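Shown next: query_20.cif, given as mmCIF, C-alpha atoms and all ligand atoms.
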```cif
data_structure
loop_
_atom_site.label_atom_id
_atom_site.label_comp_id
_atom_site.auth_asym_id
_atom_site.auth_seq_id
_atom_site.Cartn_x
_atom_site.Cartn_y
_atom_site.Cartn_z
CA MET A 1 25.00 9.45 -12.48
CA ALA A 2 27.77 6.87 -12.55
CA LEU A 3 26.03 5.46 -9.49
CA LEU A 4 23.03 4.50 -11.66
CA LEU A 5 25.24 2.44 -13.96
CA PHE A 6 26.64 0.56 -11.00
CA PHE A 7 23.28 0.10 -9.35
CA PRO A 8 22.73 -3.56 -10.43
CA ILE A 9 26.18 -4.44 -9.04
CA LEU A 10 25.53 -2.47 -5.86
CA ARG A 11 22.22 -4.29 -5.32
CA ARG A 12 24.12 -7.55 -5.29
CA ILE A 13 26.68 -6.22 -2.80
CA GLY A 14 23.87 -4.90 -0.63
CA LEU A 15 22.39 -1.62 0.52
CA GLY A 16 25.09 -1.13 3.16
CA ALA A 17 27.67 -0.68 0.44
CA VAL A 18 25.44 1.85 -1.32
CA TRP A 19 25.19 3.98 1.80
CA ALA A 20 28.94 3.70 2.39
CA LEU A 21 29.51 4.94 -1.16
CA LEU A 22 27.03 7.80 -0.77
CA ALA A 23 28.70 8.86 2.48
CA ALA A 24 32.11 8.72 0.79
CA SER A 25 30.90 10.82 -2.14
CA ALA A 26 29.39 13.41 0.23
CA LEU A 27 32.79 13.72 1.89
CA ALA A 28 34.52 14.01 -1.47
CA GLN A 29 32.24 16.93 -2.36
CA MET A 30 33.30 19.09 0.56
CA PRO A 31 33.45 22.71 -0.69
CA THR A 32 36.79 23.78 -2.19
CA PRO A 33 38.91 26.25 -0.14
CA GLU A 34 37.73 29.10 -2.44
CA ARG A 35 34.10 28.09 -1.97
CA GLN A 36 34.67 27.87 1.80
CA GLN A 37 35.89 31.50 1.82
CA ALA A 38 32.80 32.59 -0.14
CA LEU A 39 30.59 30.69 2.32
CA VAL A 40 32.29 32.32 5.33
CA ARG A 41 31.66 35.78 3.86
CA MET A 42 28.10 34.90 2.95
CA VAL A 43 27.26 33.63 6.44
CA ARG A 44 28.77 36.73 8.08
CA GLN A 45 26.90 39.09 5.75
CA ASP A 46 23.61 37.42 4.83
CA CYS A 47 22.97 35.17 7.81
CA GLY A 48 24.42 37.82 10.12
CA SER A 49 21.65 40.23 9.16
CA CYS A 50 19.25 38.09 11.20
CA HIS A 51 21.53 36.06 13.45
CA GLY A 52 23.71 39.02 14.42
CA LEU A 53 27.08 40.31 13.18
CA TYR A 54 28.81 37.98 15.66
CA LEU A 55 26.13 35.30 15.21
CA THR A 56 25.16 35.86 18.85
CA GLY A 57 21.51 36.29 17.92
CA GLY A 58 19.14 38.97 16.65
CA LEU A 59 15.87 38.25 14.89
CA GLY A 60 17.19 34.69 14.62
CA PRO A 61 18.70 32.69 17.52
CA ALA A 62 22.42 32.65 18.34
CA LEU A 63 24.50 30.32 16.13
CA THR A 64 27.55 30.15 18.37
CA SER A 65 29.12 26.80 19.27
CA GLU A 66 27.77 27.25 22.84
CA ALA A 67 24.22 27.88 21.62
CA LEU A 68 24.25 24.92 19.24
CA ALA A 69 26.05 22.46 21.53
CA ASP A 70 23.00 20.29 22.32
CA LYS A 71 21.42 20.42 18.86
CA PRO A 72 21.72 17.76 16.17
CA LEU A 73 24.12 18.67 13.35
CA ASP A 74 22.01 17.14 10.59
CA SER A 75 18.92 19.05 11.69
CA MET A 76 20.87 22.34 11.70
CA ALA A 77 22.19 21.58 8.19
CA ALA A 78 18.63 20.76 7.07
CA THR A 79 17.38 24.08 8.53
CA ILE A 80 20.03 26.00 6.57
CA TYR A 81 19.29 24.15 3.35
CA GLY A 82 15.49 23.88 3.59
CA GLY A 83 14.53 26.70 5.97
CA ARG A 84 11.86 26.50 8.68
CA PRO A 85 8.38 26.93 7.20
CA GLY A 86 6.29 29.51 9.04
CA THR A 87 9.35 31.34 10.43
CA PRO A 88 11.59 34.05 8.90
CA MET A 89 14.26 31.33 8.38
CA ALA A 90 14.03 30.92 4.60
CA PRO A 91 15.52 28.03 2.64
CA TRP A 92 18.98 28.67 1.15
CA LYS A 93 18.92 25.85 -1.37
CA ALA A 94 18.95 28.29 -4.29
CA MET A 95 22.39 29.53 -3.14
CA LEU A 96 23.82 26.52 -1.33
CA SER A 97 24.34 22.83 -2.08
CA GLU A 98 23.55 20.35 0.67
CA GLN A 99 27.31 19.93 1.14
CA ASP A 100 27.65 23.72 1.57
CA ALA A 101 24.88 23.70 4.21
CA LEU A 102 26.47 20.78 6.04
CA TRP A 103 29.88 22.46 5.94
CA ILE A 104 28.41 25.73 7.30
CA ALA A 105 26.64 23.81 10.10
CA GLN A 106 29.92 22.04 10.98
CA GLN A 107 31.74 25.40 11.13
CA LEU A 108 28.99 26.89 13.34
CA PHE A 109 29.35 23.97 15.78
CA ALA A 110 33.13 24.41 15.79
CA GLY A 111 32.96 28.22 16.20
CA PHE A 112 32.49 30.05 12.94
CA PRO A 113 35.74 31.25 11.25
CA GLU A 114 36.50 34.91 10.50
CA PRO A 115 36.72 35.81 6.81
CA THR A 116 40.33 36.12 5.58
CA LYS A 117 41.18 39.72 4.80
CA ASP A 118 43.26 39.20 1.65
CA ARG A 119 40.46 37.88 -0.58
C1 LIG B 201 15.42 36.67 7.57
C2 LIG B 201 16.16 36.33 8.75
C3 LIG B 201 17.12 35.15 8.71
C4 LIG B 201 18.17 34.93 7.84
C5 LIG B 201 18.66 35.82 6.72
C6 LIG B 201 18.76 33.65 8.23
N1 LIG B 201 18.09 33.13 9.30
FE1 LIG B 201 18.54 31.37 10.23
N2 LIG B 201 16.89 31.61 11.43
C7 LIG B 201 16.08 32.72 11.47
C8 LIG B 201 15.05 32.52 12.46
C9 LIG B 201 13.96 33.50 12.85
C10 LIG B 201 15.28 31.22 13.01
C11 LIG B 201 14.47 30.52 14.10
C12 LIG B 201 13.40 29.70 13.42
C13 LIG B 201 12.50 29.04 14.42
O1 LIG B 201 11.68 29.74 15.00
O2 LIG B 201 12.65 27.83 14.62
C14 LIG B 201 16.46 30.69 12.35
C15 LIG B 201 17.01 29.45 12.61
C16 LIG B 201 18.24 29.02 12.15
C17 LIG B 201 18.92 27.83 12.58
C18 LIG B 201 18.43 26.85 13.63
C19 LIG B 201 18.93 27.36 14.98
C20 LIG B 201 18.40 26.56 16.14
O3 LIG B 201 18.88 26.85 17.25
O4 LIG B 201 17.55 25.71 15.98
C21 LIG B 201 20.09 27.77 11.91
C22 LIG B 201 21.19 26.71 12.06
C23 LIG B 201 20.14 28.92 11.04
N3 LIG B 201 18.99 29.65 11.21
C24 LIG B 201 21.19 29.21 10.21
C25 LIG B 201 21.16 30.22 9.26
C26 LIG B 201 22.17 30.40 8.26
C27 LIG B 201 23.44 29.56 8.13
C28 LIG B 201 21.77 31.45 7.50
C29 LIG B 201 22.43 32.00 6.25
C30 LIG B 201 22.68 31.03 5.19
C31 LIG B 201 20.53 31.97 8.06
N4 LIG B 201 20.19 31.18 9.13
C32 LIG B 201 19.85 33.07 7.61
C33 LIG B 201 16.20 33.85 10.68
C34 LIG B 201 17.08 34.00 9.63
#
```

Just give me the structure of the file as structure tokens.
Ligand code: HEC
Amino acid sequence: MALLLFFPILRRIGLGAVWALLAASALAQMPTPERQQALVRMVRQDCGSCHGLYLTGGLGPALTSEALADKPLDSMAATIYGGRPGTPMAPWKAMLSEQDALWIAQQLFAGFPEPTKDR
């Protein structure tokens, strides 16, 4: 909301600065370590029911780093957040923020982490 207050100033600086700020704020909103652990468990349990326990595929396609290698990150994040209409891939926006979805997509590309046992 603070962005709205600064909008007249930002318009003078130019749209490039606005996008730079938005990108910076998206980075700043990366999930906290606690939230990241909850997301890891959620993906293994809820997403795993369709994409497989090891995310190697089931009803849904494999989500391993190999399988995703040639796919665009932003489109994968958008699929997680908004779902794919007409397929069993439902939107997750009720449970995830866009930052959560982007973070999950980044972890899938990197090779999804195991949940830590002590939490
Ligand atoms: C009810 C089953 C189901 C669940 C639960 C589910 N998915 Fe999917 N998902 C699918 C199907 C089916 C597709 C393929 C859609 C299509 O035909 O394009 C898909 C597609 C995807 C894709 C795109 C893969 C690609 O190669 O294009 C991603 C990424 C994805 N799902 C991530 C997730 C994540 C993360 C979760 C949990 C938050 C999740 N899915 C939960 C069924 C599911």

The residue from A:Gly52, A:Ala110, A:Lys117, A:Asp100 with the smallest atom-to-atom distance to Arg35 in chain A, counting only C-alpha atoms, is A:Asp100

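With all atoms listed in the file as the atoms that count, the residue of A:Thr116, A:Thr87, A:Gln106, A:Ser97 with the shortest distance to Leu59 in chain A is A:Thr87.
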
Within 9 Å of file point (31.8, 19.6, 3.1), counting all atoms listed in the file, expressed as a list of chain:residue names =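 Output: A:Ala26, A:Leu27, A:Ala28, A:Gln29, A:Met30, A:Pro31, A:Thr32, A:Gln36, A:Glu98, A:Gln99, A:Asp100, A:Ala101, A:Leu102, A:Trp103, A:Ile104, A:Gln106.
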
Keeping only C-alpha atoms, write the selected residues as a PDB file, in the coordinates of the input.
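Okay, out10.pdb is ready:
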```
ATOM      1  CA  ALA A  26      29.390  13.410   0.230  1.00  0.00           C
ATOM      2  CA  LEU A  27      32.790  13.720   1.890  1.00  0.00           C
ATOM      3  CA  ALA A  28      34.520  14.010  -1.470  1.00  0.00           C
ATOM      4  CA  GLN A  29      32.240  16.930  -2.360  1.00  0.00           C
ATOM      5  CA  MET A  30      33.300  19.090   0.560  1.00  0.00           C
ATOM      6  CA  PRO A  31      33.450  22.710  -0.690  1.00  0.00           C
ATOM      7  CA  THR A  32      36.790  23.780  -2.190  1.00  0.00           C
ATOM      8  CA  GLN A  36      34.670  27.870   1.800  1.00  0.00           C
ATOM      9  CA  GLU A  98      23.550  20.350   0.670  1.00  0.00           C
ATOM     10  CA  GLN A  99      27.310  19.930   1.140  1.00  0.00           C
ATOM     11  CA  ASP A 100      27.650  23.720   1.570  1.00  0.00           C
ATOM     12  CA  ALA A 101      24.880  23.700   4.210  1.00  0.00           C
ATOM     13  CA  LEU A 102      26.470  20.780   6.040  1.00  0.00           C
ATOM     14  CA  TRP A 103      29.880  22.460   5.940  1.00  0.00           C
ATOM     15  CA  ILE A 104      28.410  25.730   7.300  1.00  0.00           C
ATOM     16  CA  GLN A 106      29.920  22.040  10.980  1.00  0.00           C
TER      17      GLN A 106
END
```

Expected answer as a PyMOL selection string: residues within 6 Å of ligand LIG 201 (chain B), all atoms listed in the file = chain A and resi 43+46-47+49-50+59-61+76+79-80+84+87-89+92

Would you pick out the contacts of Phe112 in chain A at 8 Å or less, using only C-alpha atoms, so that residues sharing its chain but fewer than 2 positions from it are not included, and give the list as a PDB file with C-alpha atoms, keeping the file's coordinate frame?
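Output contents, as saved in part03.pdb:
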```
ATOM      1  CA  VAL A  40      32.290  32.320   5.330  1.00  0.00           C
ATOM      2  CA  THR A  64      27.550  30.150  18.370  1.00  0.00           C
ATOM      3  CA  SER A  65      29.120  26.800  19.270  1.00  0.00           C
ATOM      4  CA  GLN A 107      31.740  25.400  11.130  1.00  0.00           C
ATOM      5  CA  LEU A 108      28.990  26.890  13.340  1.00  0.00           C
ATOM      6  CA  PHE A 109      29.350  23.970  15.780  1.00  0.00           C
ATOM      7  CA  ALA A 110      33.130  24.410  15.790  1.00  0.00           C
ATOM      8  CA  GLU A 114      36.500  34.910  10.500  1.00  0.00           C
TER       9      GLU A 114
END
```

Find the residues near Glu66 in chain A: any atom within 9 Å, counting only C-alpha atoms, skip ones fewer than 3 places away on the same chain, and give them as JSON, numbers by chain.
-> {"A": [62, 63, 69, 70, 109, 111]}

Residue among A:Leu73, A:Ala105, A:Met95, A:Pro85 lying closest to Met42 in chain A, counting all atoms listed in the file |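 Result for the nearest residue to Met42 in chain A: A:Met95.
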
Best match for closeness to Leu96 in chain A among A:His51, A:Leu39, A:Pro33, A:Gly57, counting all atoms listed in the file =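 Closest residue, counting all atoms listed in the file: A:Leu39.
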
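If you look at CA of Pro72 in chain A and CA of Pro113 in chain A, they are 20.1 Å away from each other.
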
Between CA of Arg44 in chain A and CA of Gly82 in chain A, what is the spacing in Å?
-> 19.0 Å

Shell of 7 Å around Arg41 in chain A, all atoms listed in the file, local chain residues under 4 positions omitted, as a list in words =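 Residues near the query, excluding close chain neighbours: Gln37, Gln45 and Pro115 of chain A.
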
Please indicate the distance in Å from CA of Ala94 in chain A to CA of Thr56 in chain A, rounded to one decimal place.
->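 According to the coordinates, CA of Ala94 in chain A and CA of Thr56 in chain A are separated by 25.1 Å.
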
In terms of the shortest atom-to-atom distance over all atoms listed in the file, which of A:Ala67, A:Ala38, A:Gly58, A:Ala78 is closest to Ala90 in chain A?
->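 Using all atoms listed in the file, Ala90 in chain A sits closest to A:Ala78.
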
Missing atoms in range 89-119 of chain A: can you complete it with N, CA and C atoms, as a PDB file, in the coordinates of the input?
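result.pdb, written as the output of this step:
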```
ATOM      1  N   MET A  89      13.110  32.115   8.861  1.00  0.00           N
ATOM      2  CA  MET A  89      14.260  31.330   8.380  1.00  0.00           C
ATOM      3  C   MET A  89      13.892  30.699   7.041  1.00  0.00           C
ATOM      4  N   ALA A  90      14.362  31.352   5.961  1.00  0.00           N
ATOM      5  CA  ALA A  90      14.030  30.920   4.600  1.00  0.00           C
ATOM      6  C   ALA A  90      14.987  29.811   4.163  1.00  0.00           C
ATOM      7  N   PRO A  91      14.584  29.019   3.176  1.00  0.00           N
ATOM      8  CA  PRO A  91      15.520  28.030   2.640  1.00  0.00           C
ATOM      9  C   PRO A  91      16.639  28.710   1.851  1.00  0.00           C
ATOM     10  N   TRP A  92      17.831  28.119   1.871  1.00  0.00           N
ATOM     11  CA  TRP A  92      18.980  28.670   1.150  1.00  0.00           C
ATOM     12  C   TRP A  92      19.404  27.774   0.006  1.00  0.00           C
ATOM     13  N   LYS A  93      18.515  26.842  -0.371  1.00  0.00           N
ATOM     14  CA  LYS A  93      18.920  25.850  -1.370  1.00  0.00           C
ATOM     15  C   LYS A  93      19.168  26.442  -2.742  1.00  0.00           C
ATOM     16  N   ALA A  94      18.661  27.656  -3.000  1.00  0.00           N
ATOM     17  CA  ALA A  94      18.950  28.290  -4.290  1.00  0.00           C
ATOM     18  C   ALA A  94      20.407  28.737  -4.353  1.00  0.00           C
ATOM     19  N   MET A  95      21.022  28.994  -3.183  1.00  0.00           N
ATOM     20  CA  MET A  95      22.390  29.530  -3.140  1.00  0.00           C
ATOM     21  C   MET A  95      23.399  28.511  -2.647  1.00  0.00           C
ATOM     22  N   LEU A  96      22.910  27.462  -1.975  1.00  0.00           N
ATOM     23  CA  LEU A  96      23.820  26.520  -1.330  1.00  0.00           C
ATOM     24  C   LEU A  96      23.516  25.094  -1.760  1.00  0.00           C
ATOM     25  N   SER A  97      24.550  24.278  -1.904  1.00  0.00           N
ATOM     26  CA  SER A  97      24.340  22.830  -2.080  1.00  0.00           C
ATOM     27  C   SER A  97      24.145  22.245  -0.679  1.00  0.00           C
ATOM     28  N   GLU A  98      23.693  21.003  -0.630  1.00  0.00           N
ATOM     29  CA  GLU A  98      23.550  20.350   0.670  1.00  0.00           C
ATOM     30  C   GLU A  98      24.903  20.224   1.358  1.00  0.00           C
ATOM     31  N   GLN A  99      25.957  20.018   0.562  1.00  0.00           N
ATOM     32  CA  GLN A  99      27.310  19.930   1.140  1.00  0.00           C
ATOM     33  C   GLN A  99      27.710  21.269   1.747  1.00  0.00           C
ATOM     34  N   ASP A 100      27.368  22.378   1.037  1.00  0.00           N
ATOM     35  CA  ASP A 100      27.650  23.720   1.570  1.00  0.00           C
ATOM     36  C   ASP A 100      26.956  23.892   2.920  1.00  0.00           C
ATOM     37  N   ALA A 101      25.667  23.514   2.971  1.00  0.00           N
ATOM     38  CA  ALA A 101      24.880  23.700   4.210  1.00  0.00           C
ATOM     39  C   ALA A 101      25.479  22.878   5.341  1.00  0.00           C
ATOM     40  N   LEU A 102      25.874  21.633   5.020  1.00  0.00           N
ATOM     41  CA  LEU A 102      26.470  20.780   6.040  1.00  0.00           C
ATOM     42  C   LEU A 102      27.797  21.377   6.522  1.00  0.00           C
ATOM     43  N   TRP A 103      28.580  21.878   5.574  1.00  0.00           N
ATOM     44  CA  TRP A 103      29.880  22.460   5.940  1.00  0.00           C
ATOM     45  C   TRP A 103      29.663  23.680   6.845  1.00  0.00           C
ATOM     46  N   ILE A 104      28.701  24.545   6.479  1.00  0.00           N
ATOM     47  CA  ILE A 104      28.410  25.730   7.300  1.00  0.00           C
ATOM     48  C   ILE A 104      27.999  25.289   8.707  1.00  0.00           C
ATOM     49  N   ALA A 105      27.096  24.288   8.786  1.00  0.00           N
ATOM     50  CA  ALA A 105      26.640  23.810  10.100  1.00  0.00           C
ATOM     51  C   ALA A 105      27.834  23.312  10.911  1.00  0.00           C
ATOM     52  N   GLN A 106      28.736  22.554  10.258  1.00  0.00           N
ATOM     53  CA  GLN A 106      29.920  22.040  10.980  1.00  0.00           C
ATOM     54  C   GLN A 106      30.769  23.192  11.510  1.00  0.00           C
ATOM     55  N   GLN A 107      30.933  24.253  10.681  1.00  0.00           N
ATOM     56  CA  GLN A 107      31.740  25.400  11.130  1.00  0.00           C
ATOM     57  C   GLN A 107      31.059  26.124  12.289  1.00  0.00           C
ATOM     58  N   LEU A 108      29.711  26.228  12.242  1.00  0.00           N
ATOM     59  CA  LEU A 108      28.990  26.890  13.340  1.00  0.00           C
ATOM     60  C   LEU A 108      29.214  26.120  14.637  1.00  0.00           C
ATOM     61  N   PHE A 109      29.139  24.788  14.578  1.00  0.00           N
ATOM     62  CA  PHE A 109      29.350  23.970  15.780  1.00  0.00           C
ATOM     63  C   PHE A 109      30.771  24.154  16.313  1.00  0.00           C
ATOM     64  N   ALA A 110      31.718  24.325  15.390  1.00  0.00           N
ATOM     65  CA  ALA A 110      33.130  24.410  15.790  1.00  0.00           C
ATOM     66  C   ALA A 110      33.500  25.823  16.248  1.00  0.00           C
ATOM     67  N   GLY A 111      32.625  26.818  15.960  1.00  0.00           N
ATOM     68  CA  GLY A 111      32.960  28.220  16.200  1.00  0.00           C
ATOM     69  C   GLY A 111      33.297  28.820  14.847  1.00  0.00           C
ATOM     70  N   PHE A 112      32.398  29.658  14.341  1.00  0.00           N
ATOM     71  CA  PHE A 112      32.490  30.050  12.940  1.00  0.00           C
ATOM     72  C   PHE A 112      33.748  30.867  12.657  1.00  0.00           C
ATOM     73  N   PRO A 113      34.488  30.538  11.549  1.00  0.00           N
ATOM     74  CA  PRO A 113      35.740  31.250  11.250  1.00  0.00           C
ATOM     75  C   PRO A 113      35.498  32.700  10.810  1.00  0.00           C
ATOM     76  N   GLU A 114      36.499  33.543  11.023  1.00  0.00           N
ATOM     77  CA  GLU A 114      36.500  34.910  10.500  1.00  0.00           C
ATOM     78  C   GLU A 114      36.838  34.847   9.017  1.00  0.00           C
ATOM     79  N   PRO A 115      36.306  35.790   8.208  1.00  0.00           N
ATOM     80  CA  PRO A 115      36.720  35.810   6.810  1.00  0.00           C
ATOM     81  C   PRO A 115      38.190  36.225   6.725  1.00  0.00           C
ATOM     82  N   THR A 116      38.945  35.672   5.746  1.00  0.00           N
ATOM     83  CA  THR A 116      40.330  36.120   5.580  1.00  0.00           C
ATOM     84  C   THR A 116      40.324  37.458   4.861  1.00  0.00           C
ATOM     85  N   LYS A 117      41.240  38.333   5.262  1.00  0.00           N
ATOM     86  CA  LYS A 117      41.180  39.720   4.800  1.00  0.00           C
ATOM     87  C   LYS A 117      41.678  39.879   3.366  1.00  0.00           C
ATOM     88  N   ASP A 118      42.585  38.979   2.915  1.00  0.00           N
ATOM     89  CA  ASP A 118      43.260  39.200   1.650  1.00  0.00           C
ATOM     90  C   ASP A 118      42.489  38.676   0.435  1.00  0.00           C
ATOM     91  N   ARG A 119      41.214  38.344   0.573  1.00  0.00           N
ATOM     92  CA  ARG A 119      40.460  37.880  -0.580  1.00  0.00           C
ATOM     93  C   ARG A 119      39.315  38.822  -0.899  1.00  0.00           C
TER      94      ARG A 119
END
```
